[in-house]
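Q: So that you have it, the file is data_12.cif, and it contains mmCIF, C-alpha atoms:
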data_final
loop_
_atom_site.label_atom_id
_atom_site.label_comp_id
_atom_site.auth_asym_id
_atom_site.auth_seq_id
_atom_site.Cartn_x
_atom_site.Cartn_y
_atom_site.Cartn_z
CA MET U 16 11.64 -19.91 -1.11
CA SER U 17 8.76 -17.50 -1.57
CA LYS U 18 8.13 -16.12 -5.02
CA LEU U 19 8.20 -12.41 -4.15
CA SER U 20 11.27 -10.77 -2.64
CA ILE U 21 11.27 -8.01 -0.05
CA THR U 22 13.96 -5.55 0.99
CA ILE U 23 13.84 -3.75 4.33
CA ILE U 24 16.09 -0.70 4.57
CA THR U 25 17.17 0.55 7.98
CA PRO U 26 18.98 3.91 8.19
CA ASN U 27 21.21 4.16 11.25
CA LEU U 28 23.56 6.61 12.89
CA ASN U 29 24.70 5.78 16.42
CA GLY U 30 21.47 3.91 17.10
CA GLY U 31 23.14 1.02 18.90
CA GLN U 32 20.90 1.19 21.96
CA PHE U 33 17.91 -0.23 20.04
CA LEU U 34 19.50 -1.49 16.82
CA GLU U 35 19.87 -5.11 17.91
CA ALA U 36 16.19 -5.36 18.84
CA CYS U 37 15.30 -3.93 15.42
CA ILE U 38 17.54 -6.47 13.68
CA ARG U 39 16.08 -9.37 15.62
CA SER U 40 12.53 -8.25 14.90
CA VAL U 41 13.38 -8.60 11.20
CA LYS U 42 15.28 -11.89 11.52
CA ASN U 43 12.50 -13.44 13.60
CA GLN U 44 10.03 -13.00 10.74
CA GLY U 45 11.36 -16.23 9.22
CA TYR U 46 10.64 -15.14 5.65
CA GLY U 47 13.10 -16.73 3.25
CA ASN U 48 13.22 -14.18 0.44
CA LEU U 49 13.91 -11.18 2.66
CA ARG U 50 16.93 -8.91 2.55
CA HIS U 51 17.60 -6.52 5.43
CA ILE U 52 20.13 -3.79 4.64
CA VAL U 53 21.34 -1.26 7.20
CA ILE U 54 22.63 1.98 5.67
CA ASP U 55 24.92 3.37 8.33
CA GLY U 56 25.95 7.02 8.31
CA GLY U 57 29.31 6.43 10.01
CA SER U 58 28.36 5.41 13.53
CA THR U 59 30.91 5.81 16.31
CA ASP U 60 29.00 3.81 18.90
CA ASN U 61 28.64 0.01 18.99
CA SER U 62 26.39 -0.15 15.91
CA ILE U 63 28.91 -1.74 13.56
CA GLN U 64 29.86 -4.36 16.13
CA LEU U 65 26.19 -5.22 16.59
CA LEU U 66 25.75 -5.56 12.84
CA GLU U 67 28.75 -7.84 12.63
CA ASN U 68 27.68 -9.94 15.62
CA ASN U 69 24.19 -10.39 14.18
CA LYS U 70 25.48 -11.13 10.66
CA THR U 71 23.39 -8.28 9.24
CA GLU U 72 24.17 -6.84 5.84
CA TYR U 73 25.20 -3.20 5.99
CA GLU U 74 26.88 -0.43 4.08
CA ILE U 75 28.54 2.67 5.49
CA VAL U 76 27.54 5.75 3.50
CA GLU U 77 28.42 9.03 5.18
CA GLY U 78 26.91 12.40 4.39
CA LEU U 79 23.33 11.31 3.68
CA ASN U 80 20.37 12.35 5.77
CA ASN U 81 17.84 9.78 6.94
CA TYR U 82 15.60 9.85 3.86
CA GLU U 83 18.51 10.08 1.43
CA ALA U 84 19.96 6.94 3.00
CA ILE U 85 16.63 5.12 2.61
CA HIS U 86 16.24 6.13 -1.04
CA TYR U 87 19.85 5.14 -1.70
CA GLY U 88 19.13 1.72 -0.22
CA PHE U 89 16.02 1.13 -2.36
CA GLN U 90 17.92 2.08 -5.50
CA LYS U 91 20.95 -0.09 -4.78
CA TYR U 92 19.11 -3.10 -3.32
CA PRO U 93 15.91 -3.48 -5.37
CA SER U 94 13.26 -6.10 -4.69
CA ASP U 95 9.61 -6.77 -5.46
CA ILE U 96 8.33 -5.34 -2.17
CA GLN U 97 9.89 -2.49 -0.21
CA ALA U 98 9.68 -0.91 3.24
CA TRP U 99 11.91 0.79 5.75
CA LEU U 100 12.24 0.33 9.47
CA ASN U 101 14.16 2.84 11.56
CA SER U 102 16.77 1.44 13.92
CA ASP U 103 14.71 2.08 17.06
CA ASP U 104 11.47 0.54 15.73
CA LEU U 105 10.17 -3.05 15.63
CA TYR U 106 8.34 -5.49 13.42
CA ARG U 107 5.79 -7.64 15.20
CA GLU U 108 5.46 -11.41 15.01
CA GLY U 109 4.14 -12.68 11.68
CA ALA U 110 4.14 -9.25 10.03
CA ILE U 111 6.16 -10.06 6.93
CA LYS U 112 4.34 -13.32 6.27
CA THR U 113 1.00 -11.51 6.30
CA VAL U 114 2.30 -8.71 4.08
CA MET U 115 3.79 -11.07 1.52
CA ASP U 116 0.70 -13.28 1.51
CA VAL U 117 -1.34 -10.22 0.57
CA PHE U 118 0.95 -9.16 -2.24
CA GLU U 119 1.16 -12.67 -3.64
CA LYS U 120 -2.58 -13.29 -3.43
CA PHE U 121 -3.78 -9.92 -4.72
CA SER U 122 -1.80 -8.64 -7.69
CA GLU U 123 -3.97 -5.51 -7.81
CA ILE U 124 -2.74 -4.34 -4.39
CA SER U 125 0.20 -1.96 -4.71
CA TRP U 126 0.52 -0.72 -1.13
CA LEU U 127 -0.87 -1.54 2.28
CA SER U 128 -0.65 -0.59 5.92
CA GLY U 129 -1.44 -2.36 9.19
CA THR U 130 -3.06 -1.42 12.48
CA PRO U 131 -0.93 1.42 13.91
CA SER U 132 0.82 0.98 17.25
CA ILE U 133 3.56 2.40 19.39
CA SER U 134 5.81 0.81 21.99
CA ASN U 135 7.56 2.20 25.01
CA GLU U 136 11.30 2.17 25.58
CA GLN U 137 11.15 -1.50 26.61
CA GLY U 138 9.24 -2.48 23.46
CA VAL U 139 5.85 -3.00 25.17
CA ILE U 140 3.14 -2.43 22.58
CA ARG U 141 0.16 -0.06 22.67
CA ILE U 142 -2.38 0.17 19.84
CA TRP U 143 -3.59 3.71 19.19
CA ASP U 144 -6.39 3.00 16.71
CA SER U 145 -8.33 -0.20 17.35
CA HIS U 146 -11.58 0.79 15.64
CA LEU U 147 -12.90 -1.70 13.10
CA PHE U 148 -12.75 0.86 10.28
CA PRO U 149 -9.44 2.54 9.33
CA SER U 150 -9.38 6.24 10.18
CA ILE U 151 -6.71 7.16 7.64
CA SER U 152 -7.59 8.62 4.26
CA LYS U 153 -6.01 10.86 1.68
CA TYR U 154 -8.45 13.52 2.92
CA THR U 155 -8.41 13.09 6.71
CA TRP U 156 -5.90 15.93 6.98
CA THR U 157 -8.89 18.24 6.41
CA LEU U 158 -10.06 17.18 9.88
CA SER U 159 -6.72 16.93 11.63
CA SER U 160 -3.07 17.20 10.64
CA ASN U 161 -2.26 14.62 13.32
CA ILE U 162 -3.87 11.64 11.54
CA PHE U 163 -1.04 9.78 9.87
CA ILE U 164 -0.40 6.60 7.93
CA GLN U 165 2.12 4.78 10.10
CA GLN U 166 5.37 4.52 8.17
CA GLU U 167 6.64 1.47 10.08
CA SER U 168 3.55 -0.53 9.07
CA THR U 169 3.47 0.46 5.38
CA PHE U 170 4.71 -1.69 2.49
CA TRP U 171 4.54 -1.25 -1.28
CA ARG U 172 5.54 -2.70 -4.63
CA LYS U 173 8.73 -1.45 -6.27
CA GLU U 174 6.79 -0.43 -9.40
CA LEU U 175 4.69 2.07 -7.43
CA TYR U 176 7.74 3.54 -5.71
CA GLU U 177 9.46 4.00 -9.06
CA LYS U 178 6.30 5.41 -10.68
CA VAL U 179 6.16 8.30 -8.19
CA GLY U 180 9.90 8.90 -8.35
CA GLY U 181 10.73 7.55 -4.90
CA LEU U 182 11.32 9.62 -1.79
CA SER U 183 11.47 13.32 -2.47
CA THR U 184 14.51 15.41 -1.54
CA ASN U 185 12.33 18.51 -1.11
CA TYR U 186 11.79 17.94 2.62
CA ARG U 187 13.91 17.14 5.63
CA TYR U 188 11.33 15.60 7.96
CA ALA U 189 8.01 14.81 6.24
CA ASN U 190 9.14 12.86 3.17
CA ASP U 191 7.07 9.85 4.24
CA TYR U 192 3.93 12.01 4.34
CA ASP U 193 4.78 13.35 0.89
CA LEU U 194 5.34 9.81 -0.44
CA TRP U 195 1.88 8.68 0.69
CA PHE U 196 0.25 11.60 -1.06
CA ARG U 197 1.98 10.64 -4.30
CA PHE U 198 1.04 6.98 -3.84
CA PHE U 199 -2.59 8.03 -3.47
CA GLU U 200 -2.47 9.68 -6.89
CA TYR U 201 -2.08 6.28 -8.53
CA GLU U 202 -3.29 3.51 -6.24
CA GLN U 203 -5.85 2.63 -3.57
CA LEU U 204 -4.45 1.96 -0.10
CA TYR U 205 -5.38 -1.34 1.58
CA ALA U 206 -5.62 -1.93 5.33
CA VAL U 207 -4.57 -5.16 7.07
CA PRO U 208 -6.30 -5.92 10.41
CA GLN U 209 -3.04 -6.81 12.12
CA VAL U 210 -0.35 -4.98 14.06
CA LEU U 211 2.64 -5.16 11.74
CA ALA U 212 5.10 -2.83 13.43
CA SER U 213 5.54 -0.40 16.31
CA PHE U 214 7.03 3.05 16.56
CA ARG U 215 9.18 3.10 19.70
CA MET U 216 8.84 6.10 21.98
CA HIS U 217 11.98 6.77 24.00
CA SER U 218 13.94 9.56 25.57
CA THR U 219 17.30 9.03 23.90
CA GLY U 220 17.56 11.97 21.49
CA GLN U 221 14.67 10.82 19.33
CA LEU U 222 14.82 13.08 16.27
CA SER U 223 11.25 12.45 15.13
CA VAL U 224 9.96 13.65 18.50
CA ALA U 225 12.40 16.53 18.92
CA ASN U 226 11.58 17.85 15.43
CA LYS U 227 7.83 17.31 15.52
CA ASN U 228 7.06 20.99 14.98
CA LYS U 229 9.31 21.09 11.91
CA TYR U 230 7.63 17.94 10.63
CA MET U 231 4.21 19.52 11.04
CA GLN U 232 5.32 22.64 9.19
CA GLU U 233 6.44 20.51 6.26
CA VAL U 234 3.13 18.64 6.40
CA SER U 235 1.34 21.99 6.07
CA ASP U 236 3.55 22.88 3.09
CA ILE U 237 2.70 19.58 1.38
CA GLN U 238 -1.01 20.07 2.00
CA ALA U 239 -0.84 23.59 0.60
CA GLN U 240 0.48 22.21 -2.70
CA LEU U 241 -2.82 20.40 -3.27
CA GLY U 242 -4.39 23.75 -4.02
CA PHE U 243 -7.72 22.99 -2.36
CA SER U 244 -10.01 26.00 -2.21
CA PHE U 245 -11.56 27.01 1.10
CA PHE U 246 -14.99 25.78 0.02
CA ARG U 247 -13.68 22.44 -1.25
CA ARG U 248 -11.95 21.86 2.05
CA ILE U 249 -15.18 22.62 3.93
CA ILE U 250 -17.19 20.20 1.78
CA ILE U 251 -14.67 17.38 2.16
CA LYS U 252 -14.33 18.05 5.86
CA SER U 253 -18.10 17.86 6.28
CA ILE U 254 -18.35 14.55 4.41
CA ILE U 255 -15.42 13.07 6.34
CA ALA U 256 -17.05 14.16 9.61
CA MET U 257 -20.32 12.52 8.54
CA ASP U 258 -18.41 9.34 7.68
CA TYR U 259 -16.91 9.38 11.17
CA ILE U 260 -20.42 9.33 12.62
CA LEU U 261 -21.91 6.73 10.26
CA ILE U 262 -19.28 4.06 10.90
CA ARG U 263 -19.99 4.31 14.64
CA ILE U 264 -23.73 3.59 14.37
CA PRO U 265 -24.13 -0.21 14.36
CA VAL U 266 -27.48 -0.31 12.54
CA ILE U 267 -26.11 1.82 9.69
CA ARG U 268 -22.45 1.03 9.28
CA SER U 269 -22.79 -2.42 7.68
CA SER U 270 -24.92 -1.10 4.82
CA TYR U 271 -22.77 2.00 4.55
CA ASP U 272 -19.62 -0.11 4.40
CA ARG U 273 -21.08 -2.34 1.66
CA SER U 274 -21.74 0.75 -0.45
CA ARG U 275 -17.96 1.32 -0.64
CA PHE U 276 -18.62 5.08 -0.65
CA ARG U 277 -15.81 5.81 1.79
CA GLN U 278 -13.29 3.87 -0.32
CA LYS U 279 -14.39 5.14 -3.74
CA PHE U 280 -14.93 8.81 -2.91
CA LEU U 281 -13.15 9.54 0.36
CA GLY U 282 -9.93 7.63 -0.21
CA PHE U 283 -10.20 5.36 2.82
CA PRO U 284 -8.34 2.04 2.60
CA VAL U 285 -10.06 -1.07 1.39
CA ARG U 286 -10.24 -3.34 4.43
CA LEU U 287 -8.87 -6.84 4.17
CA ARG U 288 -10.35 -9.43 6.55
CA PHE U 289 -9.34 -12.77 8.00
CA ASP U 290 -11.92 -15.45 7.23
CA ASP U 291 -12.74 -18.50 9.35
CA SER U 292 -9.75 -20.38 7.94
CA ASP U 293 -7.41 -17.49 8.86
CA GLN U 294 -7.00 -16.46 5.22
CA LEU U 295 -7.07 -12.82 4.17
CA THR U 296 -9.95 -11.82 1.92
CA LYS U 297 -11.07 -8.53 0.41
CA GLY U 298 -14.47 -8.80 2.09
CA ASN U 299 -17.38 -6.91 0.59
#
Could you render the structure as structure tokens?

A:
Amino acid sequence: MSKLSITIITPNLNGGQFLEACIRSVKNQGYGNLRHIVIDGGSTDNSIQLLENNKTEYEIVEGLNNYEAIHYGFQKYPSDIQAWLNSDDLYREGAIKTVMDVFEKFSEISWLSGTPSISNEQGVIRIWDSHLFPSISKYTWTLSSNIFIQQESTFWRKELYEKVGGLSTNYRYANDYDLWFRFFEYEQLYAVPQVLASFRMHSTGQLSVANKNKYMQEVSDIQAQLGFSFFRRIIIKSIIAMDYILIRIPVIRSSYDRSRFRQKFLGFPVRLRFDDSDQLTKGN
């Protein structure tokens, strides 16, 4: 059995249409020291039957919203590594093995994220950011409020989660966005060049899509708390825009990347790489 343990929390309320696919995507990871807990809000569809049929550990806790259920799960079912996967989303083949290999090999890494992707209602994958260099940063919101760290593909150590106080109860929709900002205060984000998970787009009352405007308003509220002056925002935005150009010029980007400027000063993730023997390394 692997040294490090991992707990995946899945909040669910009447998500039976996609829940079994979610469960199987976790089970198929084949990682021995993994615990998958579904926190069910009192489903009246076939969710409980699916959980029973698939021998998936669950607890019924009514009255909690989505993020409250996730935080409850992390507190009650602690482990070395943590993540959550909503009941309509999917892990991709080999995701957990890669994640746990990173955490076991690099003790200095406290959180990481993979190559972001979405899937359609049938689970067919589509990558939305395939560029060699990660586009996410703790400052990219100065360019666009639509550049996000994909929650489904993000994993962290329990110590970091506890250090920042876990998921906030101050927001209804954008608590993941708020959590990343607080993670950034303490630790560097690392990027894995692999699709770890997919956000499923579907038409069956998808709350994250239906409440996108409310999510964006909360994102704006979180950004406002940083207290950046107008001029500071302009300076950071200009540097981020220049970075966007530099990493797309082949004759420049290698030297620029080796300087580690974008990681040290702009908050971009440190890129991990697969070497010729298929082992992850920290590269330059």

Q: Taking the file as shown, what set of residues would the PyMOL selection byres ((chain U and resi 229-236) around 8) give back, as a PyMOL selection string?

A: chain U and resi 160+186+188-189+192-193+223+226-228+237-240

Q: Please save C-alpha atoms of the selected residues as a CSV table (one decimal), in the frame of the given file.

A:
chain,number,residue,atom,x,y,z
U,160,SER,CA,-3.1,17.2,10.6
U,186,TYR,CA,11.8,17.9,2.6
U,188,TYR,CA,11.3,15.6,8.0
U,189,ALA,CA,8.0,14.8,6.2
U,192,TYR,CA,3.9,12.0,4.3
U,193,ASP,CA,4.8,13.4,0.9
U,223,SER,CA,11.2,12.4,15.1
U,226,ASN,CA,11.6,17.8,15.4
U,227,LYS,CA,7.8,17.3,15.5
U,228,ASN,CA,7.1,21.0,15.0
U,237,ILE,CA,2.7,19.6,1.4
U,238,GLN,CA,-1.0,20.1,2.0
U,239,ALA,CA,-0.8,23.6,0.6
U,240,GLN,CA,0.5,22.2,-2.7

Q: Taking the file as I've supplied it (selection: the PyMOL selection byres ((chain U and resi 20-24) around 7)), which residues are included? Please answer as a list in words.

A: Lys18, Leu19, Thr25, Pro26, Asn48, Leu49, Arg50, His51, Ile52, Val53, Ile85, Gly88, Pro93, Ser94, Asp95, Ile96, Gln97, Ala98, Trp99 and Leu100 of chain U

Q: Counting only C-alpha atoms, what is within 9 Å of range 164-179 of chain U, bar same-chain residues fewer than 4 positions away, as a ChimeraX atom specification?

A: /U:89,93-101,104-106,110,114,118,124-132,151-152,191-192,194-195,197-198,200-202,210-214

Q: Run the PyMOL selection byres ((chain U and resi 272) around 12) on the file and write out the hits as a VMD selection string.

A: chain U and resid 147 to 149 258 to 259 261 to 271 273 to 279 283 to 286 298 to 299

Q: Between CA of Phe199 in chain U and CA of Tyr46 in chain U, what distance in Å does the model show, to one decimal?

A: 28.2 Å

Q: Looking at U:Asn68, U:Ser58, U:Ser183, U:Ser150, which one is nearest to Gly282 in chain U, with distances taken over only C-alpha atoms?

A: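 Closest residue, counting only C-alpha atoms: U:Ser150.
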
Q: To box range 268-271 of chain U, take all atoms listed in the file, fit an axis-aligned box, add 6 Å on each side, and give centre and edge lengths in Å to one decimal, as JSON.

A:
{"center_x": -23.7, "center_y": -0.2, "center_z": 6.9, "size_x": 14.5, "size_y": 16.4, "size_z": 16.7}

Q: How many Å separate CA of Leu65 in chain U from CA of Leu34 in chain U?

A: 7.7 Å

Q: Please measure the separation of CA of Glu74 in chain U and CA of Asp55 in chain U, giving the value in Å to one decimal.

A: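 Distance between the two atoms: 6.0 Å.
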
Q: Which of these, U:Gln137, U:Gln90, U:Asn80, U:Lys120, has the shortest distance to Gln32 in chain U once you count only C-alpha atoms?

A: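 Closest to Gln32 in chain U, using only C-alpha atoms: U:Gln137.
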
Q: May I have the protein, DNA and RNA residues with an atom at most 7 Å from (24.8, 1.8, 13.0), counting all atoms listed in the file in the file's coordinates, returned as a CSV table (one decimal) with C-alpha atoms, in the frame of the given file?

A:
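Final output, out-v3.csv:
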chain,number,residue,atom,x,y,z
U,27,ASN,CA,21.2,4.2,11.2
U,28,LEU,CA,23.6,6.6,12.9
U,29,ASN,CA,24.7,5.8,16.4
U,30,GLY,CA,21.5,3.9,17.1
U,31,GLY,CA,23.1,1.0,18.9
U,55,ASP,CA,24.9,3.4,8.3
U,58,SER,CA,28.4,5.4,13.5
U,62,SER,CA,26.4,-0.2,15.9
U,63,ILE,CA,28.9,-1.7,13.6

Q: From the list U:Gln44, U:Gln64, U:Thr184, U:Ser134, which residue is nearest Leu79 in chain U when using all atoms listed in the file?

A: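 Residue with the minimum atom-to-atom distance to Leu79 in chain U: U:Thr184.
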
Q: Between U:Phe33, U:Tyr154, U:Phe196, U:Tyr205, which residue has the minimum interatomic distance to Ser253 in chain U, considering all atoms listed in the file?

A: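 Comparing U:Phe33, U:Tyr154, U:Phe196, U:Tyr205 against Ser253 in chain U, the winner is U:Tyr154.
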
Q: Considering only C-alpha atoms, return as a PyMOL selection string whatever protein or nucleic-acid residues lie within 7 Å of Arg215 in chain U, sequence-local ones (same chain, fewer than 5 positions apart) excluded.

A: chain U and resi 103-104+133-136+138

Q: Would you fill the gaps in range 108-119 of chain U so it has N, CA and C atoms, then print it as a compact mmCIF listing (two decimals), in the frame of the given file?

A:
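As written to disk, result.txt reads:
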# COMPACT_ATOMS: atom_id res chain seq x y z
N GLU U 108 5.47 -10.00 15.42
CA GLU U 108 5.46 -11.41 15.01
C GLU U 108 4.48 -11.65 13.85
N GLY U 109 4.98 -12.31 12.81
CA GLY U 109 4.14 -12.68 11.68
C GLY U 109 3.85 -11.58 10.69
N ALA U 110 4.46 -10.41 10.88
CA ALA U 110 4.14 -9.25 10.03
C ALA U 110 4.49 -9.50 8.57
N ILE U 111 5.71 -9.92 8.32
CA ILE U 111 6.16 -10.06 6.93
C ILE U 111 5.41 -11.16 6.21
N LYS U 112 5.10 -12.25 6.90
CA LYS U 112 4.34 -13.32 6.27
C LYS U 112 2.98 -12.81 5.80
N THR U 113 2.29 -12.07 6.67
CA THR U 113 1.00 -11.51 6.30
C THR U 113 1.13 -10.58 5.10
N VAL U 114 2.09 -9.68 5.16
CA VAL U 114 2.30 -8.71 4.08
C VAL U 114 2.55 -9.42 2.75
N MET U 115 3.44 -10.40 2.77
CA MET U 115 3.79 -11.07 1.52
C MET U 115 2.66 -11.95 1.02
N ASP U 116 1.88 -12.53 1.93
CA ASP U 116 0.70 -13.28 1.51
C ASP U 116 -0.27 -12.38 0.75
N VAL U 117 -0.45 -11.17 1.25
CA VAL U 117 -1.34 -10.22 0.57
C VAL U 117 -0.84 -9.90 -0.83
N PHE U 118 0.42 -9.55 -0.94
CA PHE U 118 0.95 -9.16 -2.24
C PHE U 118 0.97 -10.32 -3.24
N GLU U 119 1.18 -11.52 -2.75
CA GLU U 119 1.16 -12.67 -3.64
C GLU U 119 -0.26 -13.06 -4.05
